[in-house]
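Below is the file protein_36.cif, which contains mmCIF, C-alpha atoms.
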data_entry
#
loop_
_atom_site.label_atom_id
_atom_site.label_comp_id
_atom_site.auth_asym_id
_atom_site.auth_seq_id
_atom_site.Cartn_x
_atom_site.Cartn_y
_atom_site.Cartn_z
CA MET A 1 0.00 0.00 0.00
CA PRO A 2 1.42 3.43 -0.86
CA ILE A 3 2.55 5.60 2.01
CA MET A 4 0.26 8.47 1.05
CA ALA A 5 -2.75 6.19 1.07
CA GLY A 6 -1.81 4.90 4.52
CA GLU A 7 -1.36 8.43 5.86
CA LYS A 8 -4.72 9.46 4.50
CA LYS A 9 -6.37 6.50 6.14
CA LEU A 10 -4.89 7.39 9.53
CA PHE A 11 -5.97 11.00 9.11
CA VAL A 12 -9.56 9.96 8.32
CA PHE A 13 -9.61 7.58 11.29
CA ARG A 14 -8.56 10.38 13.64
CA LEU A 15 -11.37 12.67 12.49
CA ARG A 16 -14.12 10.04 12.39
CA PRO A 17 -17.46 11.06 13.97
CA SER A 18 -17.21 10.41 17.70
CA ARG A 19 -19.55 10.79 20.65
CA ARG A 20 -18.32 14.38 21.04
CA ASN A 21 -19.55 15.16 17.51
CA TYR A 22 -23.00 13.74 18.17
CA LEU A 23 -23.30 15.35 21.59
CA GLY A 24 -22.14 18.71 20.23
CA LEU A 25 -24.67 18.49 17.41
CA LEU A 26 -27.44 17.65 19.89
CA LEU A 27 -26.53 20.58 22.16
CA VAL A 28 -26.42 23.09 19.30
CA LEU A 29 -29.79 21.82 18.06
CA THR A 30 -31.20 22.16 21.58
CA GLY A 31 -29.98 25.74 21.86
CA PHE A 32 -31.37 26.55 18.42
CA LEU A 33 -34.81 25.24 19.39
CA LEU A 34 -34.79 27.13 22.71
CA ILE A 35 -34.02 30.47 21.05
CA LEU A 36 -36.69 29.74 18.43
CA LEU A 37 -39.27 29.03 21.15
CA CYS A 38 -38.38 32.31 22.86
CA LEU A 39 -38.81 34.18 19.57
CA ILE A 40 -42.24 32.74 18.75
CA GLY A 41 -43.59 32.57 22.31
CA SER A 42 -46.72 34.46 23.45
CA ARG A 43 -47.99 35.02 19.91
CA THR A 44 -50.73 32.38 19.98
CA SER A 45 -52.90 30.98 22.76
CA THR A 46 -51.11 27.62 22.63
CA ASP A 47 -47.70 29.12 23.48
CA LYS A 48 -48.73 31.79 26.01
CA GLY A 49 -46.70 29.88 28.58
CA LEU A 50 -43.54 30.88 26.70
CA HIS A 51 -43.27 34.42 28.04
CA PHE A 52 -40.70 36.74 29.57
CA ALA A 53 -43.06 38.54 31.94
CA ARG A 54 -46.56 37.99 33.30
CA LEU A 55 -48.85 40.62 34.75
CA THR A 56 -51.84 39.76 36.94
CA GLU A 57 -54.29 41.90 38.86
CA ARG A 58 -54.00 42.35 42.61
CA PRO A 59 -55.87 41.04 44.55
CA ALA A 60 -55.78 37.85 42.50
CA GLY A 61 -58.27 37.78 39.68
CA SER A 62 -58.76 36.17 36.28
CA LEU A 63 -56.90 38.80 34.24
CA ALA A 64 -53.37 37.93 33.08
CA ILE A 65 -51.08 39.47 30.45
CA TYR A 66 -48.21 37.42 29.01
CA ALA A 67 -45.41 39.34 27.29
CA GLY A 68 -42.98 37.77 24.84
CA TRP A 69 -40.35 39.13 22.49
CA GLN A 70 -42.61 39.70 19.50
CA GLY A 71 -46.13 39.58 20.91
CA TYR A 72 -48.36 39.26 23.93
CA CYS A 73 -51.43 37.37 25.12
CA ILE A 74 -54.31 38.67 27.25
CA GLU A 75 -56.28 36.16 29.33
CA ARG A 76 -59.47 37.77 30.62
CA SER A 77 -60.91 34.54 31.98
CA VAL A 78 -60.33 30.81 31.71
CA GLY A 79 -60.46 29.95 28.01
CA ASP A 80 -60.83 33.59 26.90
CA ILE A 81 -57.38 34.31 25.48
CA SER A 82 -56.46 36.86 22.81
CA CYS A 83 -52.95 37.01 21.37
CA TYR A 84 -51.31 39.66 19.22
CA SER A 85 -48.06 39.99 17.28
CA ASP A 86 -46.65 43.39 18.20
CA SER A 87 -42.96 44.29 18.26
CA ARG A 88 -43.67 47.33 20.46
CA ILE A 89 -43.76 45.03 23.48
CA MET A 90 -39.98 44.64 23.12
CA THR A 91 -39.16 48.27 23.97
CA MET A 92 -37.14 49.51 26.93
CA PRO A 93 -37.89 50.54 29.60
CA PHE A 94 -40.33 47.64 29.89
CA ASP A 95 -42.43 49.16 32.70
CA VAL A 96 -43.08 52.31 30.65
CA THR A 97 -43.96 50.21 27.60
CA VAL A 98 -46.48 48.18 29.60
CA VAL A 99 -48.18 51.30 30.91
CA ASN A 100 -48.35 52.92 27.47
CA MET A 101 -49.78 49.80 25.81
CA PHE A 102 -52.31 48.62 28.41
CA ASN A 103 -53.34 51.65 30.46
CA GLY A 104 -56.13 52.48 28.01
CA THR A 105 -57.57 48.94 28.07
CA PHE A 106 -57.02 48.06 31.74
CA PRO A 107 -56.82 51.36 33.65
CA ALA A 108 -57.61 49.68 36.98
CA LEU A 109 -54.20 47.99 36.94
CA PHE A 110 -52.38 51.31 36.90
CA GLN A 111 -54.39 53.29 39.44
CA ASP A 112 -52.84 54.88 42.52
CA PRO A 113 -49.20 54.84 41.37
CA ALA A 114 -46.66 55.25 44.16
CA GLU A 115 -44.31 58.18 43.76
CA GLN A 116 -40.67 57.13 43.50
CA ASP A 117 -37.70 59.10 44.77
CA SER A 118 -35.05 59.06 42.06
CA ASP A 119 -32.32 59.52 44.70
CA LEU A 120 -33.35 56.28 46.39
CA ASN A 121 -34.40 54.49 43.22
CA PRO A 122 -32.25 55.45 40.19
CA MET A 123 -34.46 53.32 37.93
CA ALA A 124 -37.24 55.87 38.44
CA LEU A 125 -35.34 58.46 36.42
CA PRO A 126 -36.87 59.22 33.00
CA ASN A 127 -35.48 56.97 30.29
CA PRO A 128 -36.51 57.53 26.66
CA PRO A 129 -38.02 54.44 24.99
CA HIS A 130 -35.58 52.60 22.74
CA ASP A 131 -35.20 49.30 20.92
CA PRO A 132 -32.67 47.02 22.68
CA LYS A 133 -32.03 45.20 19.35
CA ILE A 134 -33.03 41.85 20.83
CA TYR A 135 -34.85 40.76 17.66
CA PRO A 136 -31.89 41.09 15.24
CA ALA A 137 -29.58 39.45 17.79
CA SER A 138 -31.97 36.51 18.13
CA VAL A 139 -32.21 36.12 14.35
CA LEU A 140 -28.40 36.16 14.05
CA CYS A 141 -28.20 33.58 16.82
CA LEU A 142 -30.63 31.35 14.93
CA LEU A 143 -28.63 31.76 11.72
CA THR A 144 -25.27 30.88 13.29
CA SER A 145 -26.62 27.97 15.31
CA GLY A 146 -28.64 26.73 12.34
CA ALA A 147 -25.52 26.82 10.20
CA SER A 148 -23.66 24.84 12.87
CA VAL A 149 -26.45 22.26 12.95
CA ALA A 150 -26.45 22.00 9.15
CA ALA A 151 -22.66 21.55 9.07
CA GLY A 152 -22.91 18.94 11.81
CA ILE A 153 -25.53 16.95 9.92
CA VAL A 154 -23.45 17.10 6.73
CA PHE A 155 -20.38 16.00 8.72
CA VAL A 156 -22.22 12.94 10.05
CA LEU A 157 -23.98 11.95 6.83
CA ARG A 158 -21.22 12.78 4.33
CA TYR A 159 -18.22 11.54 6.28
CA PRO A 160 -15.44 11.01 5.19
CA ARG A 161 -16.03 13.14 2.11
CA TYR A 162 -16.75 16.14 4.35
CA GLN A 163 -14.41 16.39 7.36
CA ASP A 164 -14.83 20.00 8.58
CA LYS A 165 -11.07 20.47 8.80
CA TYR A 166 -11.53 24.16 9.67
CA PHE A 167 -13.84 23.33 12.62
CA SER A 168 -16.63 25.58 11.37
CA ARG A 169 -19.20 23.79 13.54
CA GLY A 170 -17.38 24.68 16.75
CA PHE A 171 -16.71 28.30 15.85
CA LEU A 172 -20.33 28.77 14.76
CA ALA A 173 -21.48 27.26 18.06
CA TRP A 174 -19.29 29.67 20.03
CA GLY A 175 -20.56 32.55 17.90
CA SER A 176 -24.07 31.50 18.86
CA ALA A 177 -22.98 31.40 22.51
CA VAL A 178 -21.76 35.01 22.32
CA LEU A 179 -25.07 36.12 20.81
CA ALA A 180 -27.05 34.11 23.36
CA LEU A 181 -25.04 35.74 26.17
CA LEU A 182 -25.92 39.15 24.72
CA LEU A 183 -29.59 38.14 24.58
CA LEU A 184 -29.44 36.94 28.17
CA ALA A 185 -27.87 40.18 29.39
CA GLN A 186 -30.32 42.39 27.49
CA SER A 187 -33.36 40.35 28.51
CA THR A 188 -32.29 40.25 32.16
CA LEU A 189 -31.78 44.00 32.22
CA MET A 190 -35.07 44.65 30.44
CA TYR A 191 -37.45 42.29 32.22
CA GLN A 192 -36.07 42.03 35.73
CA ASN A 193 -35.78 45.79 36.09
CA GLY A 194 -39.16 46.33 34.45
CA VAL A 195 -40.90 43.79 36.67
CA LYS A 196 -39.31 45.30 39.76
CA GLU A 197 -40.46 48.83 38.83
CA LEU A 198 -44.01 47.69 38.04
CA ASN A 199 -44.32 46.01 41.44
CA LEU A 200 -42.93 49.08 43.21
CA VAL A 201 -45.09 51.68 41.48
CA TYR A 202 -48.46 50.03 40.83
CA PRO A 203 -50.17 48.39 43.85
CA HIS A 204 -53.02 46.87 41.80
CA LEU A 205 -50.89 44.57 39.65
CA GLU A 206 -48.34 41.86 40.25
CA ALA A 207 -45.55 41.25 37.74
CA VAL A 208 -43.29 38.19 37.61
CA VAL A 209 -40.46 37.14 35.29
CA GLY A 210 -41.43 34.30 32.97
CA PRO A 211 -39.63 31.05 32.07
CA ASN A 212 -38.17 32.30 28.79
CA LEU A 213 -35.31 34.03 30.58
CA THR A 214 -34.22 30.63 31.89
CA LEU A 215 -34.52 29.16 28.39
CA VAL A 216 -32.12 31.78 27.03
CA GLY A 217 -29.64 30.94 29.79
CA VAL A 218 -29.89 27.23 29.01
CA ALA A 219 -29.40 27.95 25.30
CA PHE A 220 -26.22 29.89 26.09
CA ALA A 221 -24.90 26.96 28.13
CA CYS A 222 -25.73 24.53 25.32
CA PHE A 223 -23.88 26.60 22.74
CA ALA A 224 -20.84 27.11 24.97
CA VAL A 225 -20.46 23.43 25.84
CA ALA A 226 -21.13 22.38 22.23
CA GLY A 227 -18.41 24.74 21.00
CA TYR A 228 -15.89 23.18 23.37
CA LEU A 229 -16.84 19.65 22.32
CA LEU A 230 -16.69 20.43 18.61
CA LEU A 231 -13.36 22.25 18.98
CA HIS A 232 -11.82 19.58 21.17
CA ASP A 233 -9.47 18.41 18.41
CA VAL A 234 -8.11 21.97 18.05
CA PHE A 235 -7.04 22.04 21.70
CA LYS A 236 -5.80 18.46 21.56
CA SER A 237 -3.63 19.15 18.50
CA SER A 238 -2.17 22.28 20.09
CA ASP A 239 -1.30 20.37 23.29
CA GLU A 240 0.34 17.54 21.32
CA GLU A 241 2.46 19.91 19.24
CA SER A 242 3.56 21.84 22.34
CA ALA A 243 4.60 18.62 24.05
CA LEU A 244 6.68 17.54 21.03
CA GLY A 245 8.64 20.78 21.05
CA GLU A 246 9.48 23.53 18.62
CA GLY A 247 10.05 22.62 14.98
CA TYR A 248 7.74 19.58 14.98
CA ASN A 249 5.82 19.16 11.74
CA PRO A 250 2.79 16.81 12.05
CA LEU A 251 2.90 16.10 8.31
#
Whole structure, structure tokens version:
Amino acid sequence: MPIMAGEKKLFVFRLRPSRRNYLGLLLVLTGFLLILLCLIGSRTSTDKGLHFARLTERPAGSLAIYAGWQGYCIERSVGDISCYSDSRIMTMPFDVTVVNMFNGTFPALFQDPAEQDSDLNPMALPNPPHDPKIYPASVLCLLTSGASVAAGIVFVLRYPRYQDKYFSRGFLAWGSAVLALLLLAQSTLMYQNGVKELNLVYPHLEAVVGPNLTLVGVAFACFAVAGYLLLHDVFKSSDEESALGEGYNPL
């Protein structure tokens, strides 16, 4: 057998799909689905549970408002649910957005507001409404993670013809992790602060943070771990070359 053929065979054997490849692909796919669920949540009655914030009347009643990234649902009573796609709900500051959007329909929720001292509560200072750019970041996250999933599927199905020698799957996964971390930071700042201000100022409503914030955090963890698994051979090769000393040529 020619030497070149033997070397090629060893090279293919080293890069064969392993459990790390399958686990990395599964984690990236999981993160992709979690970000997708966050993006489409609270736009129909079936996915009202996928929300970032929930508002209910105080004392406890039947009214509930579920806020997502690109829409919201209003539950007036059991089974009476109306959902709307409206990007205005994703505007900071969240507490001001909620008041502007729902004060005309549910004025009882926003009666008797408590005056806030800006010296004691800096969040009470006026803050002009602005778009935190969560939507474009989420779309970019879906594109990068989707590309990593597609490359992973091709790697598994088309091996050894496609070997991903530039480790595009791992770098795309880590790019998705960076975007997911940005989404987590922006969403935490937006919803946790907004919920806190709503509870402080308006005594007739109760606001709580929804489960979607946790989903974004889990998606970030999935992308980060998947990137490490898919780039494992990069770190392994670097360690082996360092141990062999300067001037070593693996070819």
List every residue of region 83-172 of chain A that has an atom at most 12 Å from any atom of region 206-214 of chain A, giving for each one its closest atom pair and the distance in Å to one decimal, counting all atoms listed in the file, sorted by chain and then by ascending residue number, as a Markdown table.
| residue | atom | partner | partner_atom | distance |
| --- | --- | --- | --- | --- |
| A:Phe94 | CA | A:Ala207 | CA | 11.4 |
| A:Asp95 | CA | A:Ala207 | CA | 9.9 |
| A:Val98 | CA | A:Ala207 | CA | 10.7 |
| A:Leu109 | CA | A:Glu206 | CA | 9.1 |
| A:Phe110 | CA | A:Glu206 | CA | 10.8 |
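Take CA of Arg43 (chain A) and CA of Ser85 (chain A): the distance between them is 5.6 Å.
The shortest atom-to-atom distance to Leu215 (chain A), with only C-alpha atoms taken into account, belongs to A:Leu50 out of A:Val156, A:Leu172, A:Cys141, A:Leu50.
We find CA of Asn100 (chain A) and CA of Leu198 (chain A) to be spaced 12.6 Å apart.
Computed from the coordinates, the CA of Ala151 (chain A) to CA of Ala221 (chain A) distance equals 19.9 Å.
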key: Distance query Thr91 (chain A) at most 9 Å, only C-alpha atoms, self and fewer than 3 positions along chain excluded, as a ChimeraX atom specification   = /A:87-88,94,96-97,129-132,190
Grab all the atoms of region 44-58 of chain A that the file lists, wrap them in a box along x, y and z, add 3 Å per side, and give me centre plus edge lengths in Å (one decimal) as JSON.
{"center_x": -47.5, "center_y": 35.0, "center_z": 31.3, "size_x": 19.6, "size_y": 20.7, "size_z": 28.6}
Exercise: Ala219 (chain A) partners within 12 Å, all atoms listed in the file, chain neighbours under 4 positions left out, as an MDAnalysis selection string = chainID A and resid 26:38 138 141:142 145 173:174 176:184 212:215 223:226
Expected file contents, prior selection, C-alpha atoms, as a PDB file, in the frame of the given file:
ATOM      1  CA  LEU A  26     -27.440  17.650  19.890  1.00  0.00           C
ATOM      2  CA  LEU A  27     -26.530  20.580  22.160  1.00  0.00           C
ATOM      3  CA  VAL A  28     -26.420  23.090  19.300  1.00  0.00           C
ATOM      4  CA  LEU A  29     -29.790  21.820  18.060  1.00  0.00           C
ATOM      5  CA  THR A  30     -31.200  22.160  21.580  1.00  0.00           C
ATOM      6  CA  GLY A  31     -29.980  25.740  21.860  1.00  0.00           C
ATOM      7  CA  PHE A  32     -31.370  26.550  18.420  1.00  0.00           C
ATOM      8  CA  LEU A  33     -34.810  25.240  19.390  1.00  0.00           C
ATOM      9  CA  LEU A  34     -34.790  27.130  22.710  1.00  0.00           C
ATOM     10  CA  ILE A  35     -34.020  30.470  21.050  1.00  0.00           C
ATOM     11  CA  LEU A  36     -36.690  29.740  18.430  1.00  0.00           C
ATOM     12  CA  LEU A  37     -39.270  29.030  21.150  1.00  0.00           C
ATOM     13  CA  CYS A  38     -38.380  32.310  22.860  1.00  0.00           C
ATOM     14  CA  SER A 138     -31.970  36.510  18.130  1.00  0.00           C
ATOM     15  CA  CYS A 141     -28.200  33.580  16.820  1.00  0.00           C
ATOM     16  CA  LEU A 142     -30.630  31.350  14.930  1.00  0.00           C
ATOM     17  CA  SER A 145     -26.620  27.970  15.310  1.00  0.00           C
ATOM     18  CA  ALA A 173     -21.480  27.260  18.060  1.00  0.00           C
ATOM     19  CA  TRP A 174     -19.290  29.670  20.030  1.00  0.00           C
ATOM     20  CA  SER A 176     -24.070  31.500  18.860  1.00  0.00           C
ATOM     21  CA  ALA A 177     -22.980  31.400  22.510  1.00  0.00           C
ATOM     22  CA  VAL A 178     -21.760  35.010  22.320  1.00  0.00           C
ATOM     23  CA  LEU A 179     -25.070  36.120  20.810  1.00  0.00           C
ATOM     24  CA  ALA A 180     -27.050  34.110  23.360  1.00  0.00           C
ATOM     25  CA  LEU A 181     -25.040  35.740  26.170  1.00  0.00           C
ATOM     26  CA  LEU A 182     -25.920  39.150  24.720  1.00  0.00           C
ATOM     27  CA  LEU A 183     -29.590  38.140  24.580  1.00  0.00           C
ATOM     28  CA  LEU A 184     -29.440  36.940  28.170  1.00  0.00           C
ATOM     29  CA  ASN A 212     -38.170  32.300  28.790  1.00  0.00           C
ATOM     30  CA  LEU A 213     -35.310  34.030  30.580  1.00  0.00           C
ATOM     31  CA  THR A 214     -34.220  30.630  31.890  1.00  0.00           C
ATOM     32  CA  LEU A 215     -34.520  29.160  28.390  1.00  0.00           C
ATOM     33  CA  PHE A 223     -23.880  26.600  22.740  1.00  0.00           C
ATOM     34  CA  ALA A 224     -20.840  27.110  24.970  1.00  0.00           C
ATOM     35  CA  VAL A 225     -20.460  23.430  25.840  1.00  0.00           C
ATOM     36  CA  ALA A 226     -21.130  22.380  22.230  1.00  0.00           C
TER      37      ALA A 226
END
request  = Please provide the set of residues having any atom within 7 Å of Ser45 (chain A), restricted to only C-alpha atoms, with same-chain residues fewer than 4 positions apart removed, written as an MDAnalysis selection string.
outcome  = chainID A and resid 73 81:83
Grab the residues selected above and save them as a PDB file, in the coordinates of the input with C-alpha atoms.
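Listing of out.pdb after writing:
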ATOM      1  CA  CYS A  73     -51.430  37.370  25.120  1.00  0.00           C
ATOM      2  CA  ILE A  81     -57.380  34.310  25.480  1.00  0.00           C
ATOM      3  CA  SER A  82     -56.460  36.860  22.810  1.00  0.00           C
ATOM      4  CA  CYS A  83     -52.950  37.010  21.370  1.00  0.00           C
TER       5      CYS A  83
END
request  = Report as a count of residues only the full result of the PyMOL selection byres ((chain A and resi 203) around 9) when it is applied to this structure.
outcome  = 15
request  = Using all atoms listed in the file, pick whichever of A:Pro59, A:His51, A:Thr46, A:Val218 has the shortest atom-to-atom distance to Gly79 (chain A).
outcome  = A:Thr46
inquiry  = Which polymer residues, whether protein, DNA or RNA, lie within 12 Å of the coordinate (-17.8, 19.4, 13.4) when you count only C-alpha atoms? List them as a PyMOL selection string, using the chain letters and numbers from the file.
reply    = chain A and resi 15-26+28+147-160+162-173+226-234
